[in-house]
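For reference, work14.txt (compact mmCIF, N, CA and C atoms):
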```
# COMPACT_ATOMS: atom_id res chain seq x y z
N ASN A 1 26.27 11.69 -3.11
CA ASN A 1 26.53 11.83 -1.70
C ASN A 1 26.03 10.57 -0.99
N LYS A 2 26.86 9.99 -0.11
CA LYS A 2 26.48 8.77 0.61
C LYS A 2 25.27 8.99 1.51
N GLU A 3 25.10 10.19 2.02
CA GLU A 3 23.98 10.48 2.91
C GLU A 3 22.64 10.36 2.19
N ASP A 4 22.62 10.60 0.88
CA ASP A 4 21.39 10.50 0.11
C ASP A 4 20.82 9.09 0.09
N LEU A 5 21.66 8.09 0.26
CA LEU A 5 21.22 6.71 0.21
C LEU A 5 20.75 6.17 1.56
N LYS A 6 20.94 6.94 2.61
CA LYS A 6 20.53 6.51 3.94
C LYS A 6 19.03 6.72 4.12
N ARG A 7 18.45 5.89 4.96
CA ARG A 7 17.04 6.02 5.29
C ARG A 7 16.84 7.26 6.16
N PRO A 8 15.83 8.09 5.85
CA PRO A 8 15.59 9.30 6.66
C PRO A 8 15.23 8.92 8.10
N PRO A 9 15.55 9.78 9.05
CA PRO A 9 15.26 9.48 10.45
C PRO A 9 13.80 9.75 10.81
N LEU A 10 12.90 9.10 10.08
CA LEU A 10 11.47 9.26 10.32
C LEU A 10 10.93 7.98 10.95
N GLU A 11 9.99 8.12 11.85
CA GLU A 11 9.40 6.97 12.52
C GLU A 11 8.11 6.58 11.79
N LEU A 12 8.25 5.96 10.63
CA LEU A 12 7.09 5.54 9.86
C LEU A 12 7.02 4.02 9.86
N ALA A 13 6.03 3.47 10.54
CA ALA A 13 5.89 2.02 10.67
C ALA A 13 4.98 1.44 9.59
N ASP A 14 4.75 2.18 8.52
CA ASP A 14 3.81 1.74 7.49
C ASP A 14 4.48 1.21 6.24
N ASN A 15 5.76 0.96 6.29
CA ASN A 15 6.54 0.48 5.14
C ASN A 15 6.58 1.47 3.99
N SER A 16 6.24 2.73 4.22
CA SER A 16 6.22 3.70 3.12
C SER A 16 7.62 4.03 2.62
N LEU A 17 8.64 3.71 3.37
CA LEU A 17 10.01 3.98 2.93
C LEU A 17 10.75 2.71 2.51
N THR A 18 10.05 1.58 2.54
CA THR A 18 10.66 0.31 2.15
C THR A 18 10.14 -0.09 0.78
N PRO A 19 11.03 -0.39 -0.16
CA PRO A 19 10.56 -0.84 -1.48
C PRO A 19 9.69 -2.09 -1.36
N LEU A 20 8.63 -2.17 -2.16
CA LEU A 20 7.70 -3.29 -2.08
C LEU A 20 8.39 -4.63 -2.34
N HIS A 21 9.37 -4.64 -3.26
CA HIS A 21 10.02 -5.91 -3.58
C HIS A 21 10.87 -6.41 -2.41
N VAL A 22 11.19 -5.53 -1.48
CA VAL A 22 11.93 -5.92 -0.27
C VAL A 22 10.94 -6.33 0.82
N ALA A 23 9.96 -5.48 1.07
CA ALA A 23 8.99 -5.74 2.15
C ALA A 23 8.17 -7.00 1.90
N TYR A 24 7.90 -7.32 0.64
CA TYR A 24 7.04 -8.45 0.31
C TYR A 24 7.76 -9.48 -0.56
N SER A 25 9.03 -9.69 -0.32
CA SER A 25 9.82 -10.63 -1.12
C SER A 25 9.33 -12.07 -0.98
N HIS A 26 8.59 -12.37 0.06
CA HIS A 26 8.07 -13.71 0.30
C HIS A 26 6.73 -13.96 -0.41
N MET A 27 6.33 -13.00 -1.26
CA MET A 27 5.03 -13.11 -1.92
C MET A 27 5.18 -13.08 -3.44
N VAL A 28 4.20 -13.64 -4.13
CA VAL A 28 4.18 -13.69 -5.59
C VAL A 28 3.32 -12.53 -6.11
N PRO A 29 3.88 -11.67 -6.97
CA PRO A 29 3.12 -10.52 -7.46
C PRO A 29 2.33 -10.81 -8.74
N LYS A 30 1.21 -10.10 -8.85
CA LYS A 30 0.39 -10.10 -10.07
C LYS A 30 -0.13 -8.67 -10.21
N LEU A 31 -0.09 -8.13 -11.42
CA LEU A 31 -0.52 -6.75 -11.65
C LEU A 31 -1.71 -6.74 -12.60
N GLU A 32 -2.73 -5.96 -12.21
CA GLU A 32 -3.93 -5.82 -13.04
C GLU A 32 -4.21 -4.35 -13.29
N ALA A 33 -4.54 -4.00 -14.53
CA ALA A 33 -4.97 -2.64 -14.85
C ALA A 33 -6.43 -2.53 -14.43
N VAL A 34 -6.75 -1.49 -13.66
CA VAL A 34 -8.12 -1.30 -13.16
C VAL A 34 -8.81 -0.19 -13.95
N ALA A 35 -8.08 0.87 -14.24
CA ALA A 35 -8.58 2.01 -15.01
C ALA A 35 -7.37 2.67 -15.66
N LYS A 36 -7.63 3.77 -16.37
CA LYS A 36 -6.54 4.46 -17.07
C LYS A 36 -5.40 4.85 -16.14
N ASP A 37 -5.73 5.30 -14.95
CA ASP A 37 -4.70 5.76 -14.01
C ASP A 37 -4.69 4.95 -12.71
N ARG A 38 -5.16 3.69 -12.78
CA ARG A 38 -5.21 2.84 -11.59
C ARG A 38 -4.67 1.46 -11.94
N ALA A 39 -3.89 0.92 -11.01
CA ALA A 39 -3.39 -0.45 -11.14
C ALA A 39 -3.56 -1.15 -9.80
N LEU A 40 -3.81 -2.44 -9.86
CA LEU A 40 -3.96 -3.23 -8.65
C LEU A 40 -2.84 -4.26 -8.60
N LEU A 41 -2.05 -4.17 -7.56
CA LEU A 41 -0.99 -5.14 -7.32
C LEU A 41 -1.53 -6.16 -6.33
N ILE A 42 -1.54 -7.42 -6.73
CA ILE A 42 -2.03 -8.51 -5.87
C ILE A 42 -0.83 -9.37 -5.49
N LEU A 43 -0.57 -9.44 -4.20
CA LEU A 43 0.54 -10.23 -3.69
C LEU A 43 -0.03 -11.45 -2.97
N THR A 44 0.37 -12.62 -3.41
CA THR A 44 -0.11 -13.86 -2.82
C THR A 44 1.03 -14.50 -2.04
N HIS A 45 0.73 -14.95 -0.85
CA HIS A 45 1.74 -15.57 0.01
C HIS A 45 2.15 -16.91 -0.60
N LYS A 46 3.47 -17.13 -0.72
CA LYS A 46 3.97 -18.36 -1.34
C LYS A 46 3.52 -19.62 -0.61
N GLY A 47 3.57 -19.60 0.71
CA GLY A 47 3.22 -20.78 1.50
C GLY A 47 1.76 -20.89 1.85
N SER A 48 1.00 -19.83 1.62
CA SER A 48 -0.41 -19.81 1.98
C SER A 48 -1.18 -19.07 0.87
N PRO A 49 -1.50 -19.76 -0.23
CA PRO A 49 -2.09 -19.09 -1.40
C PRO A 49 -3.48 -18.49 -1.15
N ASP A 50 -4.13 -18.82 -0.04
CA ASP A 50 -5.43 -18.22 0.28
C ASP A 50 -5.28 -16.80 0.80
N TYR A 51 -4.05 -16.41 1.20
CA TYR A 51 -3.81 -15.08 1.75
C TYR A 51 -3.34 -14.16 0.63
N GLU A 52 -3.98 -12.98 0.53
CA GLU A 52 -3.59 -11.97 -0.45
C GLU A 52 -3.42 -10.62 0.23
N PHE A 53 -2.49 -9.85 -0.30
CA PHE A 53 -2.33 -8.46 0.09
C PHE A 53 -2.47 -7.67 -1.20
N ARG A 54 -3.46 -6.76 -1.25
CA ARG A 54 -3.75 -6.00 -2.46
C ARG A 54 -3.41 -4.53 -2.26
N VAL A 55 -2.80 -3.96 -3.29
CA VAL A 55 -2.38 -2.56 -3.24
C VAL A 55 -2.96 -1.84 -4.47
N LEU A 56 -3.84 -0.87 -4.23
CA LEU A 56 -4.40 -0.07 -5.32
C LEU A 56 -3.54 1.18 -5.48
N VAL A 57 -3.03 1.38 -6.71
CA VAL A 57 -2.07 2.45 -6.97
C VAL A 57 -2.64 3.45 -7.96
N ASP A 58 -2.46 4.73 -7.66
CA ASP A 58 -2.73 5.81 -8.61
C ASP A 58 -1.46 5.94 -9.43
N THR A 59 -1.51 5.50 -10.69
CA THR A 59 -0.30 5.46 -11.50
C THR A 59 0.15 6.84 -12.00
N ASP A 60 -0.74 7.83 -12.01
CA ASP A 60 -0.35 9.19 -12.39
C ASP A 60 0.51 9.84 -11.32
N ARG A 61 0.02 9.80 -10.09
CA ARG A 61 0.77 10.42 -8.98
C ARG A 61 1.77 9.47 -8.33
N ARG A 62 1.65 8.18 -8.67
CA ARG A 62 2.52 7.15 -8.09
C ARG A 62 2.35 7.08 -6.58
N VAL A 63 1.10 6.94 -6.16
CA VAL A 63 0.79 6.82 -4.73
C VAL A 63 -0.11 5.61 -4.50
N VAL A 64 -0.03 5.08 -3.30
CA VAL A 64 -0.91 4.00 -2.89
C VAL A 64 -2.21 4.61 -2.38
N LEU A 65 -3.32 4.19 -2.94
CA LEU A 65 -4.63 4.68 -2.54
C LEU A 65 -5.24 3.83 -1.44
N SER A 66 -4.95 2.52 -1.49
CA SER A 66 -5.45 1.63 -0.44
C SER A 66 -4.66 0.33 -0.44
N THR A 67 -4.69 -0.31 0.71
CA THR A 67 -4.17 -1.67 0.84
C THR A 67 -5.28 -2.51 1.45
N GLU A 68 -5.26 -3.77 1.13
CA GLU A 68 -6.32 -4.66 1.60
C GLU A 68 -5.74 -6.05 1.82
N THR A 69 -6.10 -6.67 2.92
CA THR A 69 -5.74 -8.07 3.15
C THR A 69 -6.97 -8.92 2.96
N ARG A 70 -6.76 -10.09 2.35
CA ARG A 70 -7.85 -11.03 2.10
C ARG A 70 -7.41 -12.43 2.48
N ASN A 71 -8.35 -13.19 2.98
CA ASN A 71 -8.11 -14.59 3.25
C ASN A 71 -9.28 -15.38 2.66
N LYS A 72 -8.97 -16.29 1.78
CA LYS A 72 -10.00 -17.09 1.08
C LYS A 72 -11.02 -16.19 0.39
N GLY A 73 -10.54 -15.09 -0.20
CA GLY A 73 -11.40 -14.18 -0.95
C GLY A 73 -12.16 -13.17 -0.13
N LYS A 74 -12.12 -13.28 1.20
CA LYS A 74 -12.85 -12.36 2.06
C LYS A 74 -11.90 -11.29 2.59
N VAL A 75 -12.36 -10.04 2.57
CA VAL A 75 -11.57 -8.93 3.09
C VAL A 75 -11.44 -9.08 4.61
N THR A 76 -10.21 -9.00 5.10
CA THR A 76 -9.96 -9.09 6.55
C THR A 76 -9.51 -7.76 7.14
N GLY A 77 -9.14 -6.82 6.29
CA GLY A 77 -8.75 -5.50 6.76
C GLY A 77 -8.37 -4.62 5.58
N GLN A 78 -8.45 -3.31 5.81
CA GLN A 78 -8.15 -2.36 4.72
C GLN A 78 -7.61 -1.07 5.31
N THR A 79 -6.70 -0.45 4.57
CA THR A 79 -6.21 0.88 4.91
C THR A 79 -6.38 1.75 3.67
N ARG A 80 -6.98 2.92 3.87
CA ARG A 80 -7.20 3.88 2.77
C ARG A 80 -6.37 5.13 3.00
N PHE A 81 -5.78 5.62 1.93
CA PHE A 81 -4.96 6.83 1.98
C PHE A 81 -5.61 7.90 1.11
N GLY A 82 -5.67 9.14 1.61
CA GLY A 82 -6.32 10.20 0.84
C GLY A 82 -5.85 11.58 1.23
N ASP A 83 -6.49 12.58 0.62
CA ASP A 83 -6.17 13.98 0.87
C ASP A 83 -4.67 14.21 0.70
N PHE A 84 -4.16 13.86 -0.47
CA PHE A 84 -2.73 13.93 -0.74
C PHE A 84 -2.22 15.35 -0.93
N ALA A 85 -1.00 15.58 -0.48
CA ALA A 85 -0.32 16.86 -0.68
C ALA A 85 1.04 16.56 -1.29
N GLU A 86 1.42 17.38 -2.26
CA GLU A 86 2.74 17.21 -2.88
C GLU A 86 3.75 18.04 -2.11
N VAL A 87 4.78 17.36 -1.62
CA VAL A 87 5.84 18.02 -0.85
C VAL A 87 7.17 17.50 -1.37
N GLY A 88 8.02 18.41 -1.79
CA GLY A 88 9.35 18.01 -2.26
C GLY A 88 9.31 17.05 -3.43
N GLY A 89 8.31 17.19 -4.30
CA GLY A 89 8.21 16.34 -5.47
C GLY A 89 7.61 14.97 -5.20
N GLN A 90 7.13 14.73 -3.97
CA GLN A 90 6.49 13.47 -3.64
C GLN A 90 5.12 13.74 -3.04
N TRP A 91 4.21 12.79 -3.26
CA TRP A 91 2.86 12.90 -2.72
C TRP A 91 2.80 12.17 -1.37
N TRP A 92 2.18 12.83 -0.40
CA TRP A 92 2.03 12.26 0.94
C TRP A 92 0.55 12.32 1.34
N ALA A 93 0.05 11.22 1.87
CA ALA A 93 -1.34 11.18 2.32
C ALA A 93 -1.48 11.95 3.62
N ARG A 94 -2.48 12.82 3.67
CA ARG A 94 -2.76 13.55 4.91
C ARG A 94 -3.89 12.89 5.68
N ARG A 95 -4.52 11.91 5.06
CA ARG A 95 -5.60 11.18 5.73
C ARG A 95 -5.36 9.68 5.53
N VAL A 96 -5.36 8.95 6.62
CA VAL A 96 -5.19 7.50 6.59
C VAL A 96 -6.28 6.88 7.46
N GLU A 97 -7.02 5.95 6.90
CA GLU A 97 -8.10 5.27 7.63
C GLU A 97 -7.84 3.77 7.61
N THR A 98 -8.00 3.15 8.75
CA THR A 98 -7.89 1.69 8.85
C THR A 98 -9.28 1.14 9.13
N LEU A 99 -9.65 0.10 8.38
CA LEU A 99 -10.97 -0.49 8.51
C LEU A 99 -10.85 -1.98 8.83
N ASP A 100 -11.83 -2.51 9.56
CA ASP A 100 -11.82 -3.93 9.88
C ASP A 100 -12.49 -4.73 8.77
N ASP A 101 -12.72 -6.01 9.02
CA ASP A 101 -13.30 -6.90 8.02
C ASP A 101 -14.74 -6.55 7.65
N LYS A 102 -15.41 -5.76 8.46
CA LYS A 102 -16.78 -5.35 8.17
C LYS A 102 -16.85 -3.92 7.61
N GLY A 103 -15.69 -3.32 7.34
CA GLY A 103 -15.64 -1.97 6.80
C GLY A 103 -15.80 -0.88 7.84
N ARG A 104 -15.70 -1.24 9.11
CA ARG A 104 -15.82 -0.25 10.19
C ARG A 104 -14.45 0.39 10.45
N ARG A 105 -14.47 1.70 10.61
CA ARG A 105 -13.22 2.43 10.87
C ARG A 105 -12.69 2.07 12.25
N THR A 106 -11.42 1.70 12.31
CA THR A 106 -10.78 1.37 13.58
C THR A 106 -9.68 2.36 13.93
N ALA A 107 -9.22 3.11 12.96
CA ALA A 107 -8.20 4.14 13.22
C ALA A 107 -8.20 5.17 12.11
```

Spell out the structure here as structure tokens.
Amino acid sequence: NKEDLKRPPLELADNSLTPLHVAYSHMVPKLEAVAKDRALLILTHKGSPDYEFRVLVDTDRRVVLSTETRNKGKVTGQTRFGDFAEVGGQWWARRVETLDDKGRRTA
């Protein structure tokens, strides 16, 4: 059905419905195994190699646990996702926290 390929009419500004290879096509990926069920995707900006965007993934549930921006190795911001619920065969975070460069909650 053609309707299945359309983007749902949800107002999600977090790129959760955009494939990573599309949203971050301007970045170079590197994948690291962190634990049995964890992987870290490190995206480095092509024109600015000091800038990194890191994505920690739960590989069992296939969900993003956190994202982090870094500049010259220092954390500049972080978003954590938690309290997941499975709905319609997909996991959705019911708790989202945004932190600043000092680890203080901003949202």

(request) Find the residue from A:Ala107, A:His45, A:Lys36, A:Glu86 that sits nearest to A:Lys72; use only C-alpha atoms when measuring. (result)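 Nearest to A:Lys72: A:His45.
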
(message) Which residues are near A:Asn71? Cut-off 8 Å, only N, CA and C atoms, ignore same chain within fewer than 6 positions. Put them as a list of chain:residue names.
(response) A:Pro49, A:Asp50, A:Tyr51, A:Glu52, A:Phe53, A:Gly77

(request) Tell me, as a count of residues only, which residues lie within 7 Å of A:Arg80, counting only C-alpha atoms; anything in the same chain fewer than 6 positions away does not count. (result) 6

(request) Report as an NGL selection string: the residues of stretch 18-103 of chain A with a DSSP assignment of alpha helix (DSSP H), based on the backbone of this structure. (result) :A and (20-23)

Need the axis-aligned box for stretch 60-74 of chain A with 5 Å each side, so what are the centre and edges in Å to one decimal, as JSON?
```
{"center_x": -5.2, "center_y": -3.3, "center_z": -4.6, "size_x": 25.4, "size_y": 37.5, "size_z": 25.6}
```

(message) as a ChimeraX atom specification, please: every residue in chain A that DSSP puts in strand (DSSP E).
(response) /A:27-35,38-45,51-58,63-71,74-87,90-99

(request) Figure out the distance between atom CA of A:His21 and atom CA of A:Asp83, please, to one decimal in Å. (result)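 We find that atom CA of A:Asp83 and atom CA of A:His21 lie 26.0 Å from each other.
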
(request) In Å, rounded to a single decimal, give me how far atom C of A:Thr59 is from atom C of A:Phe84. (result)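 Pair atom C of A:Phe84 / atom C of A:Thr59 returns 14.2 Å.
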
(request) Using atom C of A:Lys46 and atom CA of A:Phe81 as the two end points, give the distance in Å to one decimal. (result) 27.9 Å

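Minimum atom-to-atom distances from A:Gln90, A:Thr69, A:Thr44, A:Thr106 to A:Pro29 were compared using only N, CA and C atoms, and the lowest value belongs to A:Thr44.
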
(message) For A:Trp91, find every residue with an atom within 7 Å (counting only N, CA and C atoms), except residues of its own chain fewer than 4 positions away, and show them as number ranges by chain.
(response) A: 61-63, 84-87

(message) So, with only N, CA and C atoms as the atoms that count, which of A:Met27, A:Val75, A:Val22, A:Leu99 lies closest to A:Gly47?
(response) A:Met27

(request) Find the residue from A:Arg38, A:Ala33, A:Trp92, A:Arg104 that sits nearest to A:Asp60; use only N, CA and C atoms when measuring. (result)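 Among A:Arg38, A:Ala33, A:Trp92, A:Arg104, it is A:Arg38 that comes nearest to A:Asp60.
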
Would you fill out stretch 22-34 of chain A with N, CA, C and O atoms and return it as a JSON list (two decimals), in the frame of the given file?
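The result, written out as rebuild-v6.json:
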```json
[["chain", "number", "residue", "atom", "x", "y", "z"],
["A", 22, "VAL", "N", 11.19, -5.53, -1.48],
["A", 22, "VAL", "CA", 11.93, -5.92, -0.27],
["A", 22, "VAL", "C", 10.94, -6.33, 0.82],
["A", 22, "VAL", "O", 11.06, -7.40, 1.42],
["A", 23, "ALA", "N", 9.96, -5.48, 1.07],
["A", 23, "ALA", "CA", 8.99, -5.74, 2.15],
["A", 23, "ALA", "C", 8.17, -7.00, 1.90],
["A", 23, "ALA", "O", 7.79, -7.69, 2.85],
["A", 24, "TYR", "N", 7.90, -7.32, 0.64],
["A", 24, "TYR", "CA", 7.04, -8.45, 0.31],
["A", 24, "TYR", "C", 7.76, -9.48, -0.56],
["A", 24, "TYR", "O", 7.15, -10.10, -1.43],
["A", 25, "SER", "N", 9.03, -9.69, -0.32],
["A", 25, "SER", "CA", 9.82, -10.63, -1.12],
["A", 25, "SER", "C", 9.33, -12.07, -0.98],
["A", 25, "SER", "O", 9.61, -12.91, -1.84],
["A", 26, "HIS", "N", 8.59, -12.37, 0.06],
["A", 26, "HIS", "CA", 8.07, -13.71, 0.30],
["A", 26, "HIS", "C", 6.73, -13.96, -0.41],
["A", 26, "HIS", "O", 6.10, -14.99, -0.20],
["A", 27, "MET", "N", 6.33, -13.00, -1.26],
["A", 27, "MET", "CA", 5.03, -13.11, -1.92],
["A", 27, "MET", "C", 5.18, -13.08, -3.44],
["A", 27, "MET", "O", 6.16, -12.56, -3.97],
["A", 28, "VAL", "N", 4.20, -13.64, -4.13],
["A", 28, "VAL", "CA", 4.18, -13.69, -5.59],
["A", 28, "VAL", "C", 3.32, -12.53, -6.11],
["A", 28, "VAL", "O", 2.15, -12.43, -5.73],
["A", 29, "PRO", "N", 3.88, -11.67, -6.97],
["A", 29, "PRO", "CA", 3.12, -10.52, -7.46],
["A", 29, "PRO", "C", 2.33, -10.81, -8.74],
["A", 29, "PRO", "O", 2.71, -11.62, -9.57],
["A", 30, "LYS", "N", 1.21, -10.10, -8.85],
["A", 30, "LYS", "CA", 0.39, -10.10, -10.07],
["A", 30, "LYS", "C", -0.13, -8.67, -10.21],
["A", 30, "LYS", "O", -0.56, -8.07, -9.23],
["A", 31, "LEU", "N", -0.09, -8.13, -11.42],
["A", 31, "LEU", "CA", -0.52, -6.75, -11.65],
["A", 31, "LEU", "C", -1.71, -6.74, -12.60],
["A", 31, "LEU", "O", -1.69, -7.39, -13.63],
["A", 32, "GLU", "N", -2.73, -5.96, -12.21],
["A", 32, "GLU", "CA", -3.93, -5.82, -13.04],
["A", 32, "GLU", "C", -4.21, -4.35, -13.29],
["A", 32, "GLU", "O", -4.14, -3.54, -12.37],
["A", 33, "ALA", "N", -4.54, -4.00, -14.53],
["A", 33, "ALA", "CA", -4.97, -2.64, -14.85],
["A", 33, "ALA", "C", -6.43, -2.53, -14.43],
["A", 33, "ALA", "O", -7.25, -3.37, -14.79],
["A", 34, "VAL", "N", -6.75, -1.49, -13.66],
["A", 34, "VAL", "CA", -8.12, -1.30, -13.16],
["A", 34, "VAL", "C", -8.81, -0.19, -13.95],
["A", 34, "VAL", "O", -9.98, -0.29, -14.28]]
```
